[in-house]
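J.: Quick one: structure below, then a few questions.
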Amino acid sequence: MNLTISGHHLEVTPALREYVLTKLDRVKRHFDQVVDVNVLLTVENLKEKERRQKAEVTLHVKGKDIFVEQSHEDLYAAIDQLMDKLDRQVCRHKDRLQDHHHASVKRQAAMTL
């Protein structure tokens, strides 16, 4: 898995990097076929205080790219909410891969009797 963590108008400190890595472990635990992860942490120059810190993730899995973004006044809270969204989308993608919308052979045989 290739991981890129970058900052825009912000220096990515080792503490931020470690925090993102620990949060990504939850996603990797649910779905281990992740090819590439790009994380972008941004501080926007907005007048209002809220929604200034922004976190974005582009997750490349086999056959699909998953993009999630979240803004908050605290960067750590934005990362938390972002990983919650990402986890839900990865679980949905995994369910779609596993569910082929057809009944098993045993169930079809029982239905015809």
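We label chains A, B, ... in the order they appear in the structure tokens, count residues from 1 in each chain, and number ligands from 1 in the order shown.
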Let's see if you can do this: from backbone DSSP, list all helix (DSSP H, G or I) residues in chain A, as a PyMOL selection string.

T.: chain A and resi 14-30+75-98+105-112

J.: Write out, as a PDB file, in the first residue's frame, the residues just selected, with C-alpha atoms.

T.:
```pdb
ATOM      1  CA  PRO A  14       5.097  13.580  13.109  1.00  0.00           C
ATOM      2  CA  ALA A  15       2.177  13.694  15.570  1.00  0.00           C
ATOM      3  CA  LEU A  16      -0.298  14.436  12.754  1.00  0.00           C
ATOM      4  CA  ARG A  17       1.249  11.730  10.593  1.00  0.00           C
ATOM      5  CA  GLU A  18       0.994   9.166  13.397  1.00  0.00           C
ATOM      6  CA  TYR A  19      -2.613  10.184  14.133  1.00  0.00           C
ATOM      7  CA  VAL A  20      -3.623   9.675  10.491  1.00  0.00           C
ATOM      8  CA  LEU A  21      -1.835   6.305  10.392  1.00  0.00           C
ATOM      9  CA  THR A  22      -3.630   5.055  13.506  1.00  0.00           C
ATOM     10  CA  LYS A  23      -6.978   6.109  12.063  1.00  0.00           C
ATOM     11  CA  LEU A  24      -6.220   4.410   8.730  1.00  0.00           C
ATOM     12  CA  ASP A  25      -5.616   1.127  10.563  1.00  0.00           C
ATOM     13  CA  ARG A  26      -9.366   0.833  11.099  1.00  0.00           C
ATOM     14  CA  VAL A  27      -9.999   1.078   7.355  1.00  0.00           C
ATOM     15  CA  LYS A  28      -7.247  -1.443   6.603  1.00  0.00           C
ATOM     16  CA  ARG A  29      -8.743  -3.815   9.173  1.00  0.00           C
ATOM     17  CA  HIS A  30     -12.076  -3.842   7.306  1.00  0.00           C
ATOM     18  CA  LEU A  75      -8.016  19.375  12.344  1.00  0.00           C
ATOM     19  CA  TYR A  76      -8.058  16.301  14.581  1.00  0.00           C
ATOM     20  CA  ALA A  77     -11.883  16.370  14.680  1.00  0.00           C
ATOM     21  CA  ALA A  78     -11.921  16.735  10.888  1.00  0.00           C
ATOM     22  CA  ILE A  79      -9.672  13.654  10.591  1.00  0.00           C
ATOM     23  CA  ASP A  80     -11.940  11.697  12.968  1.00  0.00           C
ATOM     24  CA  GLN A  81     -15.078  12.536  10.988  1.00  0.00           C
ATOM     25  CA  LEU A  82     -13.264  11.880   7.724  1.00  0.00           C
ATOM     26  CA  MET A  83     -12.207   8.398   8.794  1.00  0.00           C
ATOM     27  CA  ASP A  84     -15.761   7.622   9.918  1.00  0.00           C
ATOM     28  CA  LYS A  85     -17.048   8.545   6.454  1.00  0.00           C
ATOM     29  CA  LEU A  86     -14.261   6.628   4.753  1.00  0.00           C
ATOM     30  CA  ASP A  87     -14.914   3.556   6.860  1.00  0.00           C
ATOM     31  CA  ARG A  88     -18.612   3.572   5.905  1.00  0.00           C
ATOM     32  CA  GLN A  89     -17.803   3.921   2.207  1.00  0.00           C
ATOM     33  CA  VAL A  90     -15.186   1.156   2.317  1.00  0.00           C
ATOM     34  CA  CYS A  91     -17.649  -1.176   4.071  1.00  0.00           C
ATOM     35  CA  ARG A  92     -20.287  -0.380   1.435  1.00  0.00           C
ATOM     36  CA  HIS A  93     -17.771  -1.089  -1.330  1.00  0.00           C
ATOM     37  CA  LYS A  94     -16.810  -4.376   0.293  1.00  0.00           C
ATOM     38  CA  ASP A  95     -20.483  -5.378   0.612  1.00  0.00           C
ATOM     39  CA  ARG A  96     -21.060  -4.592  -3.039  1.00  0.00           C
ATOM     40  CA  LEU A  97     -18.129  -6.771  -4.029  1.00  0.00           C
ATOM     41  CA  GLN A  98     -19.380  -9.696  -1.965  1.00  0.00           C
ATOM     42  CA  VAL A 105     -27.946 -23.202  -5.500  1.00  0.00           C
ATOM     43  CA  LYS A 106     -29.417 -24.807  -2.356  1.00  0.00           C
ATOM     44  CA  ARG A 107     -31.959 -21.996  -1.995  1.00  0.00           C
ATOM     45  CA  GLN A 108     -32.960 -22.235  -5.668  1.00  0.00           C
ATOM     46  CA  ALA A 109     -33.494 -25.996  -5.330  1.00  0.00           C
ATOM     47  CA  ALA A 110     -35.634 -25.501  -2.219  1.00  0.00           C
ATOM     48  CA  MET A 111     -37.738 -22.843  -3.976  1.00  0.00           C
ATOM     49  CA  THR A 112     -38.561 -25.137  -6.915  1.00  0.00           C
TER      50      THR A 112
END
```

J.: Neighbours of Thr4 of chain A within 8 Å (only C-alpha atoms; same-chain residues fewer than 4 positions away dropped), as number ranges by chain?

T.: A: 37-39

J.: List every residue of chain A that DSSP, applied to the backbone of this structure, assigns to strand (DSSP E or B), and report them as a ChimeraX atom specification.

T.: /A:2-8,34-43,53-61,64-72

J.: Please, could you write that set of residues out with N, CA, C and O atoms as a CSV table (one decimal), in the first residue's frame?

T.:
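Below you can see part_16.csv, which holds the result:
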```csv
chain,number,residue,atom,x,y,z
A,2,ASN,N,0.7,2.1,-0.9
A,2,ASN,CA,1.4,3.4,-1.0
A,2,ASN,C,0.6,4.4,-0.2
A,2,ASN,O,-0.6,4.6,-0.4
A,3,LEU,N,1.3,5.2,0.6
A,3,LEU,CA,0.6,6.2,1.5
A,3,LEU,C,1.3,7.5,1.3
A,3,LEU,O,2.6,7.6,1.4
A,4,THR,N,0.6,8.5,1.0
A,4,THR,CA,1.1,9.9,0.8
A,4,THR,C,0.3,10.8,1.7
A,4,THR,O,-0.9,10.9,1.6
A,5,ILE,N,1.0,11.5,2.7
A,5,ILE,CA,0.3,12.4,3.5
A,5,ILE,C,1.0,13.8,3.3
A,5,ILE,O,2.2,13.9,3.4
A,6,SER,N,0.2,14.7,2.8
A,6,SER,CA,0.7,16.1,2.5
A,6,SER,C,-0.1,17.1,3.1
A,6,SER,O,-1.3,16.9,3.4
A,7,GLY,N,0.5,18.3,3.2
A,7,GLY,CA,-0.2,19.5,3.8
A,7,GLY,C,-0.2,20.6,2.9
A,7,GLY,O,0.8,20.8,2.1
A,8,HIS,N,-1.3,21.4,2.9
A,8,HIS,CA,-1.4,22.6,2.1
A,8,HIS,C,-1.6,23.8,3.1
A,8,HIS,O,-2.5,23.8,3.8
A,34,VAL,N,-6.3,-2.4,-0.3
A,34,VAL,CA,-6.1,-1.0,-0.6
A,34,VAL,C,-4.8,-0.9,-1.4
A,34,VAL,O,-3.7,-1.4,-1.0
A,35,VAL,N,-4.8,-0.2,-2.6
A,35,VAL,CA,-3.6,0.0,-3.4
A,35,VAL,C,-2.9,1.2,-3.1
A,35,VAL,O,-1.7,1.2,-2.9
A,36,ASP,N,-3.6,2.3,-2.9
A,36,ASP,CA,-3.0,3.7,-2.8
A,36,ASP,C,-3.8,4.6,-1.9
A,36,ASP,O,-5.1,4.5,-2.1
A,37,VAL,N,-3.2,5.3,-1.1
A,37,VAL,CA,-3.9,6.3,-0.2
A,37,VAL,C,-3.2,7.6,-0.3
A,37,VAL,O,-2.0,7.7,-0.1
A,38,ASN,N,-4.0,8.7,-0.6
A,38,ASN,CA,-3.5,10.1,-0.6
A,38,ASN,C,-4.3,10.9,0.4
A,38,ASN,O,-5.5,11.0,0.3
A,39,VAL,N,-3.6,11.4,1.4
A,39,VAL,CA,-4.2,12.2,2.4
A,39,VAL,C,-3.7,13.7,2.2
A,39,VAL,O,-2.5,13.9,2.1
A,40,LEU,N,-4.6,14.6,2.1
A,40,LEU,CA,-4.3,16.0,2.0
A,40,LEU,C,-4.9,16.8,3.2
A,40,LEU,O,-6.1,16.8,3.4
A,41,LEU,N,-4.1,17.4,4.0
A,41,LEU,CA,-4.5,18.2,5.1
A,41,LEU,C,-4.3,19.7,4.8
A,41,LEU,O,-3.3,20.1,4.4
A,42,THR,N,-5.4,20.5,4.9
A,42,THR,CA,-5.4,21.9,4.5
A,42,THR,C,-5.9,22.8,5.6
A,42,THR,O,-6.8,22.5,6.3
A,43,VAL,N,-5.3,24.0,5.6
A,43,VAL,CA,-5.8,25.1,6.4
A,43,VAL,C,-6.2,26.2,5.4
A,43,VAL,O,-5.4,26.7,4.6
A,53,GLN,N,-10.3,24.1,8.9
A,53,GLN,CA,-9.4,23.0,8.8
A,53,GLN,C,-10.1,21.9,7.9
A,53,GLN,O,-11.2,21.5,8.2
A,54,LYS,N,-9.3,21.4,6.9
A,54,LYS,CA,-10.0,20.5,6.0
A,54,LYS,C,-9.1,19.3,5.8
A,54,LYS,O,-7.8,19.5,5.7
A,55,ALA,N,-9.7,18.1,5.7
A,55,ALA,CA,-8.9,16.9,5.5
A,55,ALA,C,-9.6,16.2,4.3
A,55,ALA,O,-10.8,16.1,4.2
A,56,GLU,N,-8.8,15.6,3.4
A,56,GLU,CA,-9.3,14.9,2.2
A,56,GLU,C,-8.5,13.6,2.1
A,56,GLU,O,-7.3,13.6,2.4
A,57,VAL,N,-9.2,12.6,1.6
A,57,VAL,CA,-8.6,11.3,1.4
A,57,VAL,C,-9.0,10.8,0.1
A,57,VAL,O,-10.2,10.8,-0.2
A,58,THR,N,-8.1,10.3,-0.8
A,58,THR,CA,-8.4,9.6,-2.0
A,58,THR,C,-7.8,8.2,-1.8
A,58,THR,O,-6.6,8.0,-1.7
A,59,LEU,N,-8.7,7.2,-1.8
A,59,LEU,CA,-8.4,5.8,-1.5
A,59,LEU,C,-8.6,5.0,-2.8
A,59,LEU,O,-9.7,5.0,-3.3
A,60,HIS,N,-7.5,4.5,-3.3
A,60,HIS,CA,-7.6,3.7,-4.6
A,60,HIS,C,-7.6,2.2,-4.2
A,60,HIS,O,-6.7,1.7,-3.7
A,61,VAL,N,-8.8,1.6,-4.5
A,61,VAL,CA,-8.9,0.1,-4.3
A,61,VAL,C,-9.0,-0.5,-5.7
A,61,VAL,O,-9.2,0.2,-6.7
A,64,LYS,N,-11.9,0.9,-8.2
A,64,LYS,CA,-12.6,2.0,-7.8
A,64,LYS,C,-11.7,3.0,-7.0
A,64,LYS,O,-10.8,2.6,-6.3
A,65,ASP,N,-12.0,4.3,-7.1
A,65,ASP,CA,-11.4,5.3,-6.3
A,65,ASP,C,-12.5,5.9,-5.4
A,65,ASP,O,-13.6,6.2,-5.8
A,66,ILE,N,-12.1,6.0,-4.1
A,66,ILE,CA,-13.1,6.5,-3.1
A,66,ILE,C,-12.5,7.8,-2.6
A,66,ILE,O,-11.4,7.9,-2.1
A,67,PHE,N,-13.3,8.9,-2.7
A,67,PHE,CA,-12.8,10.2,-2.3
A,67,PHE,C,-13.7,10.7,-1.2
A,67,PHE,O,-15.0,10.6,-1.3
A,68,VAL,N,-13.1,11.2,-0.1
A,68,VAL,CA,-13.9,11.7,1.0
A,68,VAL,C,-13.2,13.0,1.5
A,68,VAL,O,-12.0,13.1,1.5
A,69,GLU,N,-14.0,14.0,1.9
A,69,GLU,CA,-13.5,15.2,2.4
A,69,GLU,C,-14.3,15.7,3.6
A,69,GLU,O,-15.5,15.4,3.6
A,70,GLN,N,-13.7,16.4,4.6
A,70,GLN,CA,-14.4,16.8,5.7
A,70,GLN,C,-13.7,18.1,6.2
A,70,GLN,O,-12.5,18.2,6.3
A,71,SER,N,-14.5,19.0,6.7
A,71,SER,CA,-14.0,20.3,7.2
A,71,SER,C,-14.5,20.5,8.7
A,71,SER,O,-15.6,20.0,9.0
A,72,HIS,N,-13.7,21.1,9.5
A,72,HIS,CA,-14.0,21.3,10.9
A,72,HIS,C,-13.1,22.4,11.4
A,72,HIS,O,-12.1,22.8,10.8
```
